[in-house]
Amino acid sequence: MIEFFLGGARSGKSKLAEQAAAASGLEVVYIATGTAGDQQMRERIVSHQRSRPAHWQTIEEPIALAQTIEQHMSAQRCLLVDCLTLWLSNCMFSQKSQCYAAQKKQLFTVLEQVPGKLIFVANETSMGVIPMGEVTREFCDSAGLLHQDLAAISNRVTLSVAGLPLVLKED
């Protein structure tokens, strides 16, 4: 079972995803992809850490998402990945050539075979004007294509707006 939560910044998507993970009745493993590159990001990470139950296991992995999922997935677990947008950013700006293409391929290969429940969170970045900068356009295009690919294989897709869930897809 793959569930996908999308929304803008501070839209409530992480809170909804955490509620879904808690409601699963499974052991929850939280996979955090963010890195604390500045004070504001450190504060966001601390806020997210405080919002999670203490008994949830947290794994911080900015790039090797497929390997982390493969290592921790089981039928008795719910993995919550927060967030795909930061993972994409980490991959795109990695020093390794073709990091994102290789990591995305590995991720979708792993997603074909995982047991248990998997929840993804991502920022919807492409609902406004087309960005002027080349790098920003490439990022938004990559995010949009990633979201489409993940939504296509997800059992449930929810858009969060102002903390309210709008179910876009449900098998």
# chains A, B, ... in the order shown; residues from 1 in each chain; ligands from 1

$ residues_around --residues "Ile59 (chain A)" --least-positions-apart "3" --cutoff "10 Å" --atoms "only C-alpha atoms" --output "PyMOL selection string"
chain A and resi 29-33+56+62+68+72+81

$ write_last_selection --atoms "N, CA and C atoms" --output "compact mmCIF listing (two decimals), in the first residue's frame"
# COMPACT_ATOMS: atom_id res chain seq x y z
N VAL A 29 8.34 3.72 10.97
CA VAL A 29 9.71 4.16 10.76
C VAL A 29 9.63 5.42 9.90
N TYR A 30 10.14 6.50 10.45
CA TYR A 30 10.10 7.80 9.80
C TYR A 30 11.43 8.04 9.10
N ILE A 31 11.38 8.23 7.79
CA ILE A 31 12.59 8.48 7.01
C ILE A 31 12.62 9.96 6.65
N ALA A 32 13.55 10.68 7.29
CA ALA A 32 13.68 12.12 7.09
C ALA A 32 14.76 12.40 6.07
N THR A 33 14.42 13.19 5.06
CA THR A 33 15.39 13.48 3.99
C THR A 33 16.02 14.86 4.10
N TRP A 56 8.43 6.24 17.59
CA TRP A 56 8.72 6.04 16.18
C TRP A 56 10.23 6.06 15.96
N PRO A 62 19.44 11.58 3.38
CA PRO A 62 19.15 12.61 2.38
C PRO A 62 19.15 12.13 0.93
N THR A 68 17.34 2.65 1.80
CA THR A 68 16.79 2.78 3.14
C THR A 68 15.42 2.12 3.22
N HIS A 72 14.45 -1.32 5.51
CA HIS A 72 13.55 -1.22 6.66
C HIS A 72 12.12 -1.68 6.40
N VAL A 81 8.03 8.67 4.55
CA VAL A 81 9.13 9.41 3.94
C VAL A 81 8.73 10.88 3.84

$ select_by_dssp --residues "chain A" --states "helix (DSSP H, G or I)" --output "PyMOL selection string"
chain A and resi 13-23+39-51+65-72+84-92+99-111+134-153

$ atom_distance --atom1 "CA of Ser94 (chain A)" --atom2 "CA of Thr136 (chain A)"
15.4 Å

$ residues_around --residues "Ala122 (chain A)" --least-positions-apart "3" --cutoff "6 Å" --atoms "only C-alpha atoms" --output "list in words"
Leu6, Cys83, Leu84 and Thr85 of chain A

$ write_last_selection --atoms "N, CA and C atoms" --output "short mmCIF file (atom, residue, chain, number, x, y, z; two decimals), in the first residue's frame"
data_model
loop_
_atom_site.label_atom_id
_atom_site.label_comp_id
_atom_site.auth_asym_id
_atom_site.auth_seq_id
_atom_site.Cartn_x
_atom_site.Cartn_y
_atom_site.Cartn_z
N LEU A 6 0.49 15.37 -0.90
CA LEU A 6 1.05 16.54 -1.57
C LEU A 6 0.46 17.81 -0.98
N CYS A 83 10.78 14.48 3.24
CA CYS A 83 9.88 14.59 2.12
C CYS A 83 10.62 14.35 0.81
N LEU A 84 9.86 14.00 -0.21
CA LEU A 84 10.42 13.73 -1.53
C LEU A 84 11.03 14.98 -2.16
N THR A 85 10.48 16.14 -1.85
CA THR A 85 10.98 17.38 -2.44
C THR A 85 12.42 17.65 -1.99
#

$ residues_around --residues "Ala36 (chain A)" --least-positions-apart "6" --cutoff "12 Å" --atoms "only C-alpha atoms" --output "ChimeraX atom specification"
/A:42-46,60,62,86,90

$ write_last_selection --atoms "C-alpha atoms" --output "PDB file, in the first residue's frame"
ATOM      1  CA  ARG A  42      17.266  23.450  11.704  1.00  0.00           C
ATOM      2  CA  GLU A  43      14.153  24.962  13.318  1.00  0.00           C
ATOM      3  CA  ARG A  44      11.864  23.172  10.838  1.00  0.00           C
ATOM      4  CA  ILE A  45      13.590  19.863  11.527  1.00  0.00           C
ATOM      5  CA  VAL A  46      13.229  20.336  15.299  1.00  0.00           C
ATOM      6  CA  GLU A  60      17.895  10.467   8.474  1.00  0.00           C
ATOM      7  CA  PRO A  62      19.153  12.609   2.384  1.00  0.00           C
ATOM      8  CA  LEU A  86      14.039  17.643  -0.203  1.00  0.00           C
ATOM      9  CA  ASN A  90      19.576  16.712  -2.352  1.00  0.00           C
TER      10      ASN A  90
END

$ closest_residue --among "A:Pro131, A:Gly34, A:Gly144, A:Gly12" --to "Ser160 (chain A)" --atoms "only C-alpha atoms"
A:Gly12

$ residues_around --residues "Pro53 (chain A)" --least-positions-apart "6" --cutoff "12 Å" --atoms "only C-alpha atoms" --output "PyMOL selection string"
chain A and resi 15+18-19+21-22+27-30

$ write_last_selection --atoms "N, CA and C atoms" --output "tab-separated table (two decimals), in the first residue's frame"
chain	number	residue	atom	x	y	z
A	15	LYS	N	1.41	16.63	8.78
A	15	LYS	CA	0.52	16.27	9.89
A	15	LYS	C	-0.47	15.19	9.44
A	18	GLU	N	1.40	11.92	9.09
A	18	GLU	CA	1.70	11.35	10.41
A	18	GLU	C	0.45	10.72	11.01
A	19	GLN	N	-0.70	11.35	10.83
A	19	GLN	CA	-1.95	10.77	11.32
A	19	GLN	C	-2.24	9.44	10.61
A	21	ALA	N	-0.03	7.41	9.30
A	21	ALA	CA	0.94	6.43	9.79
A	21	ALA	C	0.51	5.89	11.16
A	22	ALA	N	0.12	6.79	12.05
A	22	ALA	CA	-0.32	6.38	13.38
A	22	ALA	C	-1.55	5.49	13.30
A	27	GLU	N	4.15	-0.70	13.20
A	27	GLU	CA	5.34	-0.03	13.69
A	27	GLU	C	5.72	1.03	12.65
A	28	VAL	N	5.99	2.25	13.11
A	28	VAL	CA	6.30	3.34	12.17
A	28	VAL	C	7.79	3.64	12.17
A	29	VAL	N	8.34	3.72	10.97
A	29	VAL	CA	9.71	4.16	10.76
A	29	VAL	C	9.63	5.42	9.90
A	30	TYR	N	10.14	6.50	10.45
A	30	TYR	CA	10.10	7.80	9.80
A	30	TYR	C	11.43	8.04	9.10

$ atom_distance --atom1 "CA of Ala151 (chain A)" --atom2 "CA of Arg137 (chain A)"
20.8 Å

$ residues_around --residues "region 111-117 of chain A" --least-positions-apart "6" --cutoff "9 Å" --atoms "only C-alpha atoms" --output "ChimeraX atom specification"
/A:1-3,21,24,26,66,69-70,73-80,153

$ write_last_selection --atoms "N, CA and C atoms" --output "mmCIF file, in the first residue's frame"
data_model
loop_
_atom_site.group_PDB
_atom_site.id
_atom_site.type_symbol
_atom_site.label_atom_id
_atom_site.label_comp_id
_atom_site.auth_asym_id
_atom_site.auth_seq_id
_atom_site.Cartn_x
_atom_site.Cartn_y
_atom_site.Cartn_z
ATOM 1 N N MET A 1 0.852 -1.187 0.000
ATOM 2 C CA MET A 1 0.000 0.000 0.000
ATOM 3 C C MET A 1 0.890 1.241 0.000
ATOM 4 N N ILE A 2 0.749 2.064 -1.011
ATOM 5 C CA ILE A 2 1.495 3.320 -1.102
ATOM 6 C C ILE A 2 0.497 4.470 -1.012
ATOM 7 N N GLU A 3 0.782 5.382 -0.096
ATOM 8 C CA GLU A 3 -0.047 6.567 0.087
ATOM 9 C C GLU A 3 0.834 7.790 -0.125
ATOM 10 N N ALA A 21 -0.029 7.412 9.303
ATOM 11 C CA ALA A 21 0.945 6.429 9.795
ATOM 12 C C ALA A 21 0.515 5.895 11.162
ATOM 13 N N SER A 24 -2.320 3.449 11.036
ATOM 14 C CA SER A 24 -2.059 2.173 10.362
ATOM 15 C C SER A 24 -1.998 1.004 11.331
ATOM 16 N N LEU A 26 0.611 -0.104 12.570
ATOM 17 C CA LEU A 26 1.890 -0.770 12.331
ATOM 18 C C LEU A 26 3.014 -0.025 13.054
ATOM 19 N N ALA A 66 16.026 4.666 -1.749
ATOM 20 C CA ALA A 66 15.641 3.310 -2.154
ATOM 21 C C ALA A 66 16.273 2.265 -1.247
ATOM 22 N N ILE A 69 14.588 2.347 2.222
ATOM 23 C CA ILE A 69 13.269 1.712 2.188
ATOM 24 C C ILE A 69 13.421 0.201 2.132
ATOM 25 N N GLU A 70 14.282 -0.262 1.250
ATOM 26 C CA GLU A 70 14.490 -1.703 1.086
ATOM 27 C C GLU A 70 14.985 -2.344 2.392
ATOM 28 N N MET A 73 11.751 -1.944 5.178
ATOM 29 C CA MET A 73 10.383 -2.307 4.869
ATOM 30 C C MET A 73 10.085 -3.732 5.309
ATOM 31 N N SER A 74 8.904 -3.899 5.883
ATOM 32 C CA SER A 74 8.376 -5.224 6.205
ATOM 33 C C SER A 74 6.863 -5.114 6.260
ATOM 34 N N ALA A 75 6.202 -6.251 6.244
ATOM 35 C CA ALA A 75 4.739 -6.272 6.281
ATOM 36 C C ALA A 75 4.197 -5.707 7.594
ATOM 37 N N GLN A 76 5.021 -5.673 8.627
ATOM 38 C CA GLN A 76 4.592 -5.179 9.933
ATOM 39 C C GLN A 76 4.954 -3.715 10.168
ATOM 40 N N ARG A 77 5.436 -3.040 9.123
ATOM 41 C CA ARG A 77 5.883 -1.653 9.277
ATOM 42 C C ARG A 77 5.182 -0.705 8.315
ATOM 43 N N CYS A 78 5.095 0.518 8.786
ATOM 44 C CA CYS A 78 4.685 1.643 7.951
ATOM 45 C C CYS A 78 5.889 2.568 7.874
ATOM 46 N N LEU A 79 6.380 2.792 6.663
ATOM 47 C CA LEU A 79 7.469 3.741 6.461
ATOM 48 C C LEU A 79 6.875 5.064 6.004
ATOM 49 N N LEU A 80 7.285 6.147 6.650
ATOM 50 C CA LEU A 80 6.824 7.481 6.289
ATOM 51 C C LEU A 80 8.036 8.266 5.803
ATOM 52 N N ILE A 153 1.404 5.024 -9.303
ATOM 53 C CA ILE A 153 1.508 3.717 -8.639
ATOM 54 C C ILE A 153 0.978 3.729 -7.210
#

$ residues_around --residues "Leu168 (chain A)" --least-positions-apart "6" --cutoff "8 Å" --atoms "only C-alpha atoms" --output "count of residues only"
4

$ select_by_dssp --residues "region 15-162 of chain A" --states "strand (DSSP E or B)" --output "compact mmCIF listing (two decimals) with C-alpha atoms, in the first residue's frame"
# COMPACT_ATOMS: atom_id res chain seq x y z
CA GLU A 27 5.34 -0.03 13.69
CA VAL A 28 6.30 3.34 12.17
CA VAL A 29 9.71 4.16 10.76
CA TYR A 30 10.10 7.80 9.80
CA ILE A 31 12.59 8.48 7.01
CA ALA A 32 13.68 12.12 7.09
CA GLN A 57 12.13 5.13 14.83
CA THR A 58 13.69 7.96 12.81
CA ILE A 59 16.25 7.45 10.06
CA GLU A 60 17.89 10.47 8.47
CA ARG A 77 5.88 -1.65 9.28
CA CYS A 78 4.68 1.64 7.95
CA LEU A 79 7.47 3.74 6.46
CA LEU A 80 6.82 7.48 6.29
CA VAL A 81 9.13 9.41 3.94
CA ASP A 82 9.16 13.16 4.55
CA LYS A 117 2.57 0.46 4.08
CA LEU A 118 4.61 3.27 2.59
CA ILE A 119 3.67 6.94 2.96
CA PHE A 120 5.34 9.73 0.99
CA VAL A 121 5.12 13.49 1.57
CA ALA A 122 6.05 16.08 -1.07
CA ASN A 123 5.72 19.79 -1.71
CA ARG A 156 -4.15 6.79 -2.40
CA VAL A 157 -3.14 10.37 -3.23
CA THR A 158 -4.19 13.29 -1.03
CA LEU A 159 -3.69 17.00 -1.63
CA SER A 160 -3.53 19.11 1.54
CA VAL A 161 -4.71 22.70 1.44

$ atom_distance --atom1 "CA of Asp141 (chain A)" --atom2 "CA of Gly128 (chain A)"
12.5 Å
